[in-house]
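Asker: Would you mind keeping the following structure in view while I ask a few things?
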Amino acid sequence: MRIATWNINSIRTRVDRVVAFLERENIDVLALQETKCKDEQFPLMPIEAAGYEVVAHGLNQWNGVAVVSRLPILNTQVGFPGQPGFPDPENLEARALGVTVEGSSGTPVTNWSLYVPNGREIDNPHYAYKLAWLDALANYSGERLRENPELQMTLMGDWNIAPLDTDVWDIDFFAGRTHVTQPERDAFAKFADEGFKEVTRDLVDNYTYWDYQQLRFPKNEGMRIDYIYASPALASRVQSAAIDRNERKGKGPSDHVPVIIEVD
DNA sequence: ATGACAGTCTGGGACTGA
């Protein structure tokens, strides 16, 4: 079973790239972020024609998440209990979607497509929102794992955090900025404290994002901010991981590239 | 070559991203 995550930065602009990627990489489940459209605007037909089902969650032109699967879909969950909103706690954004599929071994696998809030600047309310959002997600997912230690679950997407200094092209450039602060790194590490394992770090080394500006990609000035956490039962089945750097090339790329894992 | 930012909106620049 091959699982991937990709911040696509508008599905309407890049649906052809998505279909080509699914077929070229033989993907079973793909989590998308920043689809940037309402559900009724989502280009379903090209993806369905390739043999996949789509579950989309988009409220407006901002954010938006989706899960694409060619394995049977058993259950769908929009957002997670305790998810905070912005700017009001009640105003939930389209940043989390959980889709349970029938795994290749017959066991259900729940795949979360996550678009963690950016945080903007450290003194911006969006930064506190980011930390609260992550804390609520860690509490929710940790509780699910305590209920069922055999749970097969991924938490994957654009985490908007660089856990290590080496995950950014120049740590000095990020001094005083979001993505590299200790509270963000602690929030990321809490998922490991809850028992999840980030399964791509040990298997592949690359950035996953390069800004469109300042020739960041040709100069390889990137960031590693897209990750896949897996529950212990799923993590033990991971055979390999890849970062599809070539997807940053050519005409009209997203600024992020896909992260892929192979599960037995 | 991978090349100097890109997507969406009921727009005429503003907002968002990181």
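Please note that chains go A, B, ... in the order of the structure tokens, that every chain numbers its residues from 1, and that ligands are numbered from 1 in the order shown.
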Quick one: everything within 9 Å of segment 60-77 of chain A, counting only C-alpha atoms (C1' of nucleotides), minus sequence neighbours fewer than 6 positions away in the same chain. Send it as a PyMOL selection string.

Answerer: (chain A and resi 5+7+9-10+27-39+47+51-54+93-104+108+110-115) or (chain B and resi 7-9+16)

Asker: DSSP says strand (DSSP E or B) for which residues of segment 66-238 of chain A? Put them as a ChimeraX atom specification?

Answerer: /A:66-69,73-78,96-102,108-115,153-158,168,197-198,209,223,226-230,238

Asker: Using C-alpha atoms, can you export the residues from the last selection as a CSV table (one decimal), in the first residue's frame?

Answerer:
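Output contents, as saved in again32.csv:
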chain,number,residue,atom,x,y,z
A,66,ALA,CA,-9.0,16.3,0.7
A,67,VAL,CA,-8.2,12.6,0.6
A,68,VAL,CA,-8.0,10.6,-2.7
A,69,SER,CA,-8.2,6.8,-2.5
A,73,ILE,CA,-13.6,4.2,1.9
A,74,LEU,CA,-15.2,3.1,5.1
A,75,ASN,CA,-15.7,6.4,7.1
A,76,THR,CA,-15.1,10.1,6.9
A,77,GLN,CA,-14.5,12.7,9.6
A,78,VAL,CA,-14.5,16.4,9.0
A,96,ALA,CA,-8.3,18.5,9.0
A,97,LEU,CA,-10.0,15.5,7.3
A,98,GLY,CA,-9.9,11.9,8.4
A,99,VAL,CA,-10.7,9.1,6.0
A,100,THR,CA,-10.7,5.5,6.9
A,101,VAL,CA,-10.0,3.1,4.1
A,102,GLU,CA,-9.9,-0.7,3.8
A,108,PRO,CA,-9.0,-0.3,8.3
A,109,VAL,CA,-6.4,2.5,8.1
A,110,THR,CA,-7.4,6.0,9.1
A,111,ASN,CA,-5.6,8.7,7.1
A,112,TRP,CA,-5.7,12.3,8.3
A,113,SER,CA,-4.9,15.1,5.9
A,114,LEU,CA,-3.7,18.0,8.0
A,115,TYR,CA,-3.0,21.6,7.1
A,153,MET,CA,-3.5,5.7,11.6
A,154,THR,CA,-1.6,8.3,9.7
A,155,LEU,CA,-1.3,12.0,10.6
A,156,MET,CA,0.1,13.6,7.5
A,157,GLY,CA,0.3,16.9,5.8
A,158,ASP,CA,1.8,20.3,5.9
A,168,VAL,CA,15.7,25.0,6.9
A,197,LYS,CA,6.3,7.9,15.1
A,198,GLU,CA,7.3,10.3,12.3
A,209,TYR,CA,9.1,23.1,0.2
A,223,MET,CA,12.4,23.8,4.2
A,226,ASP,CA,5.7,18.1,5.4
A,227,TYR,CA,5.7,15.0,7.6
A,228,ILE,CA,3.9,11.7,8.2
A,229,TYR,CA,3.3,10.5,11.7
A,230,ALA,CA,2.0,6.9,12.0
A,238,VAL,CA,6.6,1.1,6.7

Asker: Please determine the contact residues of chain B with respect to chain A at a cut-off of 6 Å, counting only C-alpha atoms (C1' of nucleotides), and supply them as a PyMOL selection string.

Answerer: chain B and resi 2+4-5

Asker: Show which residues sit within 7 Å of Ala187 of chain A, as a VMD selection string. Count only C-alpha atoms (C1' of nucleotides), and ignore same-chain residues fewer than 4 positions away.

Answerer: chain A and resid 131 134 to 135 183

Asker: Next, dump the selected residues to file, keeping only N, CA and C atoms, as a tab-separated table (two decimals), in the first residue's frame.

Answerer:
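Output contents, as saved in again17.tsv:
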chain	number	residue	atom	x	y	z
A	131	LEU	N	-0.49	26.91	17.87
A	131	LEU	CA	-0.10	26.07	19.01
A	131	LEU	C	-1.32	25.39	19.63
A	134	LEU	N	-2.53	22.53	17.32
A	134	LEU	CA	-1.67	21.34	17.43
A	134	LEU	C	-1.90	20.61	18.75
A	135	ASP	N	-2.06	21.36	19.82
A	135	ASP	CA	-2.28	20.74	21.13
A	135	ASP	C	-3.59	19.96	21.15
A	183	PRO	N	8.42	26.51	21.07
A	183	PRO	CA	7.03	26.06	21.31
A	183	PRO	C	6.44	25.27	20.14
